[in-house]
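> Okay, handing you the structure first.
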Amino acid sequence: MRKALPERDVPAVEECATTLLKALPRPGELGRNTVMVAYGGGKDSSYALAFVRAVHLALAERHGETFRLRVATMRHGGMPYQVMQNIDRTYQALGLYGDPDAELLLIEGGQVRPFARDRSMPHRLIDFNRVDMLMSGHRTYGDGRATFCNACNLNVADSFGVAAGHGEGVDLIITGDSPQEQRDYALWIRQLARSAGLKPADSKKGFQGTLETLNGLARAYFQEIHGSENAERIEARGVASDISTALQFYSIYDYTSYASGAHWSLLTGFLGFVFDEIAFNFTESDCVNPALMAHLRGLRTERVYKRSYQEGIGQYVDFALELMRRKHFPEHLVEEMRQRYATEAGVESMREAATRYGEDAFGLDTTQLICMVYSPFAGRAANLHEFLAGEHPELLEAEDRIRALLAGSVDRALAARLERISGLSTTDLQALHDGPLWSPFADMSAQTGVLPQVMITDPHQKRISAKRNPAGEEVMDRVSGR
């Protein structure tokens, strides 16, 4: 590893090993300490894991023993097999397989398993992610961040609690975030809770308190999304917080360089990291969802605004490439992503890839995705007539029956038709009908709830002037994503 690490990292590893030792609760008994690293399988977390493994080995070299290293990976529907392969290659390169001082875990919807590259994606996890995606997307016209990221971020927080509390727990969590970033994030969570009318946990409880606050936010958020009647679904989406109040974070931020160009040879050479055309999408190198976010923007522009798919894709690409540069991606990766969508043939190829991915990862076809970008059922079916007129004119004569069904009447044949069109059960369609519809065109600050507060403060968004109909009437719109 000394040969593989960037030159500046070699002394940084030794310095970090010294300070980490002092941060452990039992520095004189190294083997009795457990340190956790969350590993998503992307480029930044692969570099962070490699750095921590070097520290792990450096302490073993100095003292003849080292801490127990727990590596926890949260799996979700947007994580393709190619990411599991990158994780496997990284574990092999770092010598983690078979090391008695290493514990490699896979967190799947609150369940803890040993990591296995070829473990199939559990059907219950696909269903879990699928219904969150649909219910969130149907309330926001398929907005990128709302559809995919909000629920996922809460699930990530839950996986931290689950992984940290597993077995005998952990003593320390290593993060690549700076202490200031950690404080800012904790403060944002507390402010978000207050703005949503919730009471944050006691700040003296540290990370456990942050998880408790997130649990309150998660329950309030999913109640908005799924409806208050679905208590079992809301309960299943809480955030675990059964950890020690003494659990702390240790930051390696000051010892590392997260500009991936600085450790390119470590990533692509030593670790065997592959920037696969499936797994690498805009700012993510471990998730396909951004490709679907772009696809939904294209579908919304084409079907709802009645303009062109390519126009919507161009809006998303402009936003996402700007985001890549803000995140210091190497220019050749930015250019690679730009080239994917630079021609009509490229856009069509990515459209086909996103369509296949939606079917494979979530079991959703194009009809169901188009339905979502109209948001026809939420907010008392405010957009139902526009949706039927544009996509299913044969059902216009049944509009009153559909509205009655959404309000609670029984019509089995019509219910089966709507379930095929939307991908959602009648119960979920009725929950959408009875709950809110959040518009990207409206003043979000005037809308109540957790979701509008998250959307207002989200740094991964951009307000643009978009043409909302064939005539070119311009409105202020929101593009968001990864």
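As shown in the structure tokens, the chain order sets the letters A, B, ...; within each chain, residues go from 1, and ligands are also counted from 1 in the order they appear.
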Looking only at strand (DSSP E) from DSSP on the backbone, list the matching residues of range 50-266 of chain A as a list in words.
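Result set for range 50-266 of chain A (strand (DSSP E)): Arg68, Leu69, Arg70, Val71, Ala72, Thr73, Met74, Ala102, Glu103, Leu104, Leu105, Leu106, Ile107, Glu108, Gln111, Val112, Arg113, Pro114, Leu172, Ile173, Ile174, Thr175, Gln248, Phe249, Tyr250 and Ser251 of chain A.
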> Residues at most 12 Å from Asp143 in chain A, counting only C-alpha atoms, excluding those fewer than 4 positions away in the same chain, as a PyMOL selection string?
chain A and resi 133-139+147-150+290+292-300+316+369+372-375+437-441+451+455+460-462+477-482
> Set the distance at 12 Å and use only C-alpha atoms: which residues neighbour Gln182 in chain A once local chain neighbours fewer than 2 positions away are removed? I'd like the list as a ChimeraX atom specification.
/A:174-180,184-189,206-207,210,248-251,253
> Tell me which protein, DNA and RNA residues are within 10 Å of Leu21 in chain A, counting only C-alpha atoms, leaving out same-chain ones fewer than 6 positions away, and put them as a ChimeraX atom specification.
/A:27-28,30,33,55,59,66-67
> Mind giving me the straight-line distance from CA of Gly408 in chain A to CA of Gly423 in chain A in Å, one decimal?
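These two atoms are separated by 18.5 Å.
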> Apply DSSP to the backbone of this structure and, from range 301-337 of chain A, keep only the residues in alpha helix (DSSP H); write these as number ranges by chain.
A: 309-326, 331-337
> Save out the residues we just selected, C-alpha atoms, as an mmCIF file, in the first residue's frame.

data_model
loop_
_atom_site.group_PDB
_atom_site.id
_atom_site.type_symbol
_atom_site.label_atom_id
_atom_site.label_comp_id
_atom_site.auth_asym_id
_atom_site.auth_seq_id
_atom_site.Cartn_x
_atom_site.Cartn_y
_atom_site.Cartn_z
ATOM 1 C CA TYR A 309 -37.174 14.643 -24.831
ATOM 2 C CA GLN A 310 -33.771 15.995 -25.837
ATOM 3 C CA GLU A 311 -34.655 19.475 -24.538
ATOM 4 C CA GLY A 312 -35.368 18.067 -21.064
ATOM 5 C CA ILE A 313 -32.228 15.919 -21.120
ATOM 6 C CA GLY A 314 -30.185 18.984 -22.041
ATOM 7 C CA GLN A 315 -31.536 20.852 -19.024
ATOM 8 C CA TYR A 316 -30.552 18.021 -16.702
ATOM 9 C CA VAL A 317 -27.124 17.543 -18.298
ATOM 10 C CA ASP A 318 -26.274 21.264 -17.995
ATOM 11 C CA PHE A 319 -27.185 21.149 -14.307
ATOM 12 C CA ALA A 320 -25.362 17.881 -13.581
ATOM 13 C CA LEU A 321 -22.110 18.776 -15.378
ATOM 14 C CA GLU A 322 -21.976 22.005 -13.395
ATOM 15 C CA LEU A 323 -22.466 19.933 -10.237
ATOM 16 C CA MET A 324 -19.637 17.574 -11.272
ATOM 17 C CA ARG A 325 -17.257 20.519 -11.597
ATOM 18 C CA ARG A 326 -18.335 21.904 -8.208
ATOM 19 C CA GLU A 331 -12.188 17.072 -16.359
ATOM 20 C CA HIS A 332 -11.852 13.883 -18.430
ATOM 21 C CA LEU A 333 -14.748 12.320 -16.461
ATOM 22 C CA VAL A 334 -16.843 15.461 -16.953
ATOM 23 C CA GLU A 335 -16.079 15.275 -20.668
ATOM 24 C CA GLU A 336 -16.936 11.556 -20.762
ATOM 25 C CA MET A 337 -20.329 12.312 -19.272
#
> Please provide as number ranges by chain all residues within 10 Å of Ala231 in chain A, with the sequence filter that same-chain residues fewer than 5 positions apart are discarded (counting only C-alpha atoms).
A: 219, 222-223, 226, 236
> Between A:Val239, A:Ala246, A:Leu406, A:Ile225, which residue has the minimum interatomic distance to Lys204 in chain A, considering only C-alpha atoms?
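Closest to Lys204 in chain A of all the choices is A:Ala246.
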> Between A:Val410, A:Ala279, A:Val71, A:Ala291, which one has atoms that come closest to Tyr97 in chain A, using only C-alpha atoms?
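Looking only at the distances to Tyr97 in chain A, the closest residue turns out to be A:Val71.
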